[in-house]
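Asker: coords.cif is reproduced below (mmCIF, N, CA and C atoms).
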```cif
data_upload
loop_
_atom_site.group_PDB
_atom_site.id
_atom_site.type_symbol
_atom_site.label_atom_id
_atom_site.label_comp_id
_atom_site.auth_asym_id
_atom_site.auth_seq_id
_atom_site.Cartn_x
_atom_site.Cartn_y
_atom_site.Cartn_z
ATOM 1 N N MET X 1 237.615 68.650 214.287
ATOM 2 C CA MET X 1 238.783 68.057 214.911
ATOM 3 C C MET X 1 239.516 69.128 215.710
ATOM 4 N N ASN X 2 240.048 68.710 216.806
ATOM 5 C CA ASN X 2 240.709 69.625 217.713
ATOM 6 C C ASN X 2 242.110 69.948 217.231
ATOM 7 N N LEU X 3 242.503 71.211 217.340
ATOM 8 C CA LEU X 3 243.813 71.662 216.882
ATOM 9 C C LEU X 3 244.950 71.017 217.673
ATOM 10 N N LYS X 4 244.725 70.793 218.964
ATOM 11 C CA LYS X 4 245.758 70.153 219.791
ATOM 12 C C LYS X 4 246.006 68.714 219.355
ATOM 13 N N ARG X 5 244.973 68.011 218.980
ATOM 14 C CA ARG X 5 245.130 66.623 218.503
ATOM 15 C C ARG X 5 245.893 66.587 217.179
ATOM 16 N N ILE X 6 245.619 67.546 216.306
ATOM 17 C CA ILE X 6 246.345 67.612 215.034
ATOM 18 C C ILE X 6 247.821 67.887 215.299
ATOM 19 N N PHE X 7 248.105 68.830 216.180
ATOM 20 C CA PHE X 7 249.493 69.142 216.523
ATOM 21 C C PHE X 7 250.167 67.943 217.189
ATOM 22 N N GLY X 8 249.440 67.207 218.018
ATOM 23 C CA GLY X 8 249.983 66.010 218.647
ATOM 24 C C GLY X 8 250.305 64.932 217.622
ATOM 25 N N ALA X 9 249.445 64.801 216.623
ATOM 26 C CA ALA X 9 249.702 63.822 215.561
ATOM 27 C C ALA X 9 250.921 64.216 214.739
ATOM 28 N N ILE X 10 251.071 65.504 214.458
ATOM 29 C CA ILE X 10 252.246 65.970 213.716
ATOM 30 C C ILE X 10 253.512 65.734 214.518
ATOM 31 N N LEU X 11 253.485 66.027 215.814
ATOM 32 C CA LEU X 11 254.655 65.778 216.659
ATOM 33 C C LEU X 11 254.997 64.290 216.710
ATOM 34 N N THR X 12 253.974 63.459 216.794
ATOM 35 C CA THR X 12 254.204 62.017 216.826
ATOM 36 C C THR X 12 254.849 61.538 215.535
ATOM 37 N N LEU X 13 254.342 62.013 214.411
ATOM 38 C CA LEU X 13 254.919 61.620 213.125
ATOM 39 C C LEU X 13 256.361 62.108 212.980
ATOM 40 N N LEU X 14 256.641 63.331 213.415
ATOM 41 C CA LEU X 14 258.011 63.840 213.367
ATOM 42 C C LEU X 14 258.936 63.021 214.266
ATOM 43 N N GLY X 15 258.426 62.592 215.408
ATOM 44 C CA GLY X 15 259.213 61.749 216.299
ATOM 45 C C GLY X 15 259.530 60.401 215.684
ATOM 46 N N ILE X 16 258.544 59.812 215.012
ATOM 47 C CA ILE X 16 258.767 58.532 214.346
ATOM 48 C C ILE X 16 259.790 58.683 213.229
ATOM 49 N N VAL X 17 259.678 59.763 212.461
ATOM 50 C CA VAL X 17 260.634 60.009 211.376
ATOM 51 C C VAL X 17 262.044 60.203 211.939
ATOM 52 N N GLY X 18 262.173 60.945 213.030
ATOM 53 C CA GLY X 18 263.484 61.147 213.651
ATOM 54 C C GLY X 18 264.093 59.846 214.152
ATOM 55 N N LEU X 19 263.288 59.004 214.759
ATOM 56 C CA LEU X 19 263.788 57.720 215.253
ATOM 57 C C LEU X 19 264.183 56.794 214.109
ATOM 58 N N ILE X 20 263.386 56.787 213.052
ATOM 59 C CA ILE X 20 263.717 55.951 211.896
ATOM 60 C C ILE X 20 264.998 56.449 211.226
ATOM 61 N N TYR X 21 265.163 57.760 211.128
ATOM 62 C CA TYR X 21 266.376 58.302 210.518
ATOM 63 C C TYR X 21 267.609 57.996 211.357
ATOM 64 N N ALA X 22 267.488 58.073 212.672
ATOM 65 C CA ALA X 22 268.615 57.730 213.545
ATOM 66 C C ALA X 22 268.969 56.254 213.393
ATOM 67 N N ALA X 23 267.971 55.395 213.297
ATOM 68 C CA ALA X 23 268.232 53.971 213.092
ATOM 69 C C ALA X 23 268.865 53.730 211.724
ATOM 70 N N PHE X 24 268.401 54.454 210.712
ATOM 71 C CA PHE X 24 268.975 54.334 209.371
ATOM 72 C C PHE X 24 270.447 54.743 209.369
ATOM 73 N N LEU X 25 270.771 55.842 210.042
ATOM 74 C CA LEU X 25 272.167 56.272 210.130
ATOM 75 C C LEU X 25 273.012 55.260 210.890
ATOM 76 N N PHE X 26 272.449 54.679 211.922
ATOM 77 C CA PHE X 26 273.184 53.697 212.720
ATOM 78 C C PHE X 26 273.492 52.448 211.913
ATOM 79 N N VAL X 27 272.537 51.983 211.151
ATOM 80 C CA VAL X 27 272.714 50.752 210.392
ATOM 81 C C VAL X 27 273.640 50.956 209.195
ATOM 82 N N ASN X 28 273.525 52.084 208.518
ATOM 83 C CA ASN X 28 274.267 52.291 207.287
ATOM 84 C C ASN X 28 275.655 52.895 207.466
ATOM 85 N N SER X 29 276.042 53.243 208.669
ATOM 86 C CA SER X 29 277.395 53.775 208.858
ATOM 87 C C SER X 29 278.357 52.615 209.050
ATOM 88 N N SER X 30 279.567 52.798 208.540
ATOM 89 C CA SER X 30 280.558 51.733 208.703
ATOM 90 C C SER X 30 281.011 51.694 210.157
ATOM 91 N N THR X 31 281.683 50.639 210.539
ATOM 92 C CA THR X 31 281.969 50.354 211.939
ATOM 93 C C THR X 31 282.773 51.462 212.617
ATOM 94 N N GLY X 32 283.802 51.962 211.986
ATOM 95 C CA GLY X 32 284.681 52.918 212.653
ATOM 96 C C GLY X 32 284.302 54.363 212.480
ATOM 97 N N THR X 33 283.378 54.672 211.594
ATOM 98 C CA THR X 33 283.117 56.075 211.282
ATOM 99 C C THR X 33 281.728 56.531 211.711
ATOM 100 N N ARG X 34 281.191 55.987 212.753
ATOM 101 C CA ARG X 34 279.877 56.430 213.226
ATOM 102 C C ARG X 34 279.980 57.829 213.824
ATOM 103 N N ASN X 35 279.097 58.672 213.413
ATOM 104 C CA ASN X 35 279.048 60.013 213.968
ATOM 105 C C ASN X 35 278.073 59.993 215.143
ATOM 106 N N ILE X 36 278.630 59.861 216.333
ATOM 107 C CA ILE X 36 277.816 59.674 217.537
ATOM 108 C C ILE X 36 276.929 60.885 217.815
ATOM 109 N N LYS X 37 277.448 62.088 217.586
ATOM 110 C CA LYS X 37 276.659 63.290 217.854
ATOM 111 C C LYS X 37 275.379 63.319 217.026
ATOM 112 N N THR X 38 275.491 62.985 215.763
ATOM 113 C CA THR X 38 274.321 63.000 214.892
ATOM 114 C C THR X 38 273.308 61.949 215.307
ATOM 115 N N LEU X 39 273.791 60.752 215.613
ATOM 116 C CA LEU X 39 272.886 59.682 216.036
ATOM 117 C C LEU X 39 272.152 60.045 217.320
ATOM 118 N N VAL X 40 272.880 60.558 218.284
ATOM 119 C CA VAL X 40 272.272 60.912 219.573
ATOM 120 C C VAL X 40 271.293 62.074 219.399
ATOM 121 N N THR X 41 271.666 63.049 218.585
ATOM 122 C CA THR X 41 270.784 64.205 218.376
ATOM 123 C C THR X 41 269.459 63.792 217.754
ATOM 124 N N TYR X 42 269.515 63.046 216.663
ATOM 125 C CA TYR X 42 268.266 62.615 216.026
ATOM 126 C C TYR X 42 267.480 61.663 216.922
ATOM 127 N N GLY X 43 268.169 60.819 217.648
ATOM 128 C CA GLY X 43 267.485 59.891 218.547
ATOM 129 C C GLY X 43 266.765 60.608 219.675
ATOM 130 N N ILE X 44 267.436 61.548 220.311
ATOM 131 C CA ILE X 44 266.834 62.272 221.440
ATOM 132 C C ILE X 44 265.682 63.155 220.968
ATOM 133 N N ILE X 45 265.881 63.861 219.870
ATOM 134 C CA ILE X 45 264.805 64.716 219.358
ATOM 135 C C ILE X 45 263.610 63.862 218.933
ATOM 136 N N GLY X 46 263.884 62.712 218.328
ATOM 137 C CA GLY X 46 262.803 61.808 217.944
ATOM 138 C C GLY X 46 262.013 61.316 219.141
ATOM 139 N N VAL X 47 262.706 60.944 220.204
ATOM 140 C CA VAL X 47 262.024 60.464 221.416
ATOM 141 C C VAL X 47 261.211 61.586 222.053
ATOM 142 N N ILE X 48 261.784 62.780 222.124
ATOM 143 C CA ILE X 48 261.067 63.912 222.733
ATOM 144 C C ILE X 48 259.800 64.233 221.939
ATOM 145 N N PHE X 49 259.915 64.308 220.612
ATOM 146 C CA PHE X 49 258.744 64.605 219.792
ATOM 147 C C PHE X 49 257.697 63.510 219.907
ATOM 148 N N PHE X 50 258.131 62.263 219.877
ATOM 149 C CA PHE X 50 257.193 61.154 219.941
ATOM 150 C C PHE X 50 256.441 61.140 221.268
ATOM 151 N N VAL X 51 257.152 61.265 222.368
ATOM 152 C CA VAL X 51 256.517 61.221 223.691
ATOM 153 C C VAL X 51 255.598 62.422 223.898
ATOM 154 N N SER X 52 256.038 63.610 223.487
ATOM 155 C CA SER X 52 255.185 64.787 223.672
ATOM 156 C C SER X 52 253.949 64.716 222.778
ATOM 157 N N GLY X 53 254.078 64.177 221.572
ATOM 158 C CA GLY X 53 252.919 64.039 220.699
ATOM 159 C C GLY X 53 251.906 63.054 221.239
ATOM 160 N N ILE X 54 252.384 61.913 221.706
ATOM 161 C CA ILE X 54 251.473 60.924 222.297
ATOM 162 C C ILE X 54 250.808 61.486 223.553
ATOM 163 N N GLY X 55 251.578 62.180 224.374
ATOM 164 C CA GLY X 55 251.011 62.786 225.587
ATOM 165 C C GLY X 55 249.962 63.832 225.267
ATOM 166 N N LEU X 56 250.205 64.622 224.221
ATOM 167 C CA LEU X 56 249.243 65.648 223.839
ATOM 168 C C LEU X 56 247.955 65.024 223.313
ATOM 169 N N ILE X 57 248.080 63.947 222.562
ATOM 170 C CA ILE X 57 246.893 63.269 222.047
ATOM 171 C C ILE X 57 246.096 62.635 223.191
ATOM 172 N N LYS X 58 246.798 62.019 224.133
ATOM 173 C CA LYS X 58 246.101 61.341 225.238
ATOM 174 C C LYS X 58 245.395 62.301 226.177
ATOM 175 N N THR X 59 245.986 63.450 226.440
ATOM 176 C CA THR X 59 245.422 64.358 227.437
ATOM 177 C C THR X 59 244.383 65.316 226.869
ATOM 178 N N THR X 60 244.287 65.419 225.564
ATOM 179 C CA THR X 60 243.303 66.313 224.972
ATOM 180 C C THR X 60 241.940 65.637 224.938
ATOM 181 N N LYS X 61 240.952 66.320 225.489
ATOM 182 C CA LYS X 61 239.606 65.756 225.546
ATOM 183 C C LYS X 61 238.844 66.134 224.272
ATOM 184 N N ASP X 62 237.939 65.259 223.881
ATOM 185 C CA ASP X 62 237.110 65.514 222.706
ATOM 186 C C ASP X 62 236.089 66.598 223.007
ATOM 187 N N GLU X 63 235.865 67.439 222.007
ATOM 188 C CA GLU X 63 234.839 68.455 222.135
ATOM 189 C C GLU X 63 233.545 67.929 221.528
ATOM 190 N N SER X 64 232.464 68.157 222.201
ATOM 191 C CA SER X 64 231.173 67.664 221.685
ATOM 192 C C SER X 64 230.349 68.802 221.164
#
```
Mind turning the file's structure into structure tokens?
Answerer:
Amino acid sequence: MNLKRIFGAILTLLGIVGLIYAAFLFVNSSTGTRNIKTLVTYGIIGVIFFVSGIGLIKTTKDES
């Protein structure tokens, strides 16, 4: 297995975890006390990791 594909899979999983955690914080915070900085930070980092991981997996060619 290619090392770049493994790293891409790890980045993708970290991105999914970041997005799920941001959604969890959004849903479980009360109406007036949402911490916008935390939500935006986890959301943006999750999207960046997810997109870069998927891109790395797609662009890496299989070795024969």
Asker: Between X:Asn2, X:Phe7, X:Ile57, X:Tyr42, which has the minimum distance to Tyr21 in chain X (counting only N, CA and C atoms)?
Answerer: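 Closest to Tyr21 in chain X, using only N, CA and C atoms: X:Tyr42.
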Asker: Do a neighbour search on Gly46 in chain X at 7 Å with only C-alpha atoms, toss out local chain neighbours closer than 6 positions, and write the hits as a list in words.
Answerer: Leu14, Gly15, Ile16, Gly18 and Leu19 of chain X
Asker: Store the residues of this selection in a file with N, CA and C atoms, as a compact mmCIF listing (two decimals), in the coordinates of the input.
Answerer:
```
# COMPACT_ATOMS: atom_id res chain seq x y z
N LEU X 14 256.64 63.33 213.42
CA LEU X 14 258.01 63.84 213.37
C LEU X 14 258.94 63.02 214.27
N GLY X 15 258.43 62.59 215.41
CA GLY X 15 259.21 61.75 216.30
C GLY X 15 259.53 60.40 215.68
N ILE X 16 258.54 59.81 215.01
CA ILE X 16 258.77 58.53 214.35
C ILE X 16 259.79 58.68 213.23
N GLY X 18 262.17 60.94 213.03
CA GLY X 18 263.48 61.15 213.65
C GLY X 18 264.09 59.85 214.15
N LEU X 19 263.29 59.00 214.76
CA LEU X 19 263.79 57.72 215.25
C LEU X 19 264.18 56.79 214.11
```
Asker: Given the point (255.2, 64.8, 219.0) in the file's coordinates, find the residues that have an atom at most 8 Å from it, counting only C-alpha atoms, and give them as a ChimeraX atom specification.
Answerer: /X:7-15,48-54,56
Asker: Between atom C of Leu25 in chain X and atom C of Gly55 in chain X, measure the distance and give it in Å to one decimal.
Answerer: 28.5 Å
Asker: Which distance in Å separates CA of Ile36 in chain X and CA of Ala22 in chain X, to one decimal?
Answerer: 10.2 Å
Asker: Once 6 Å is added on each side, what centre and edge lengths in Å to one decimal does the axis-aligned box around all listed atoms of range 10-15 of chain X have, as AutoDock Vina command-line options?
Answerer:
```
--center_x 255.3 --center_y 63.2 --center_z 214.9 --size_x 20.5 --size_y 17.6 --size_z 15.8
```
Asker: Grab the atom C of Gly43 in chain X to atom N of Asp62 in chain X distance for me, in Å with one decimal place.
Answerer: 29.5 Å
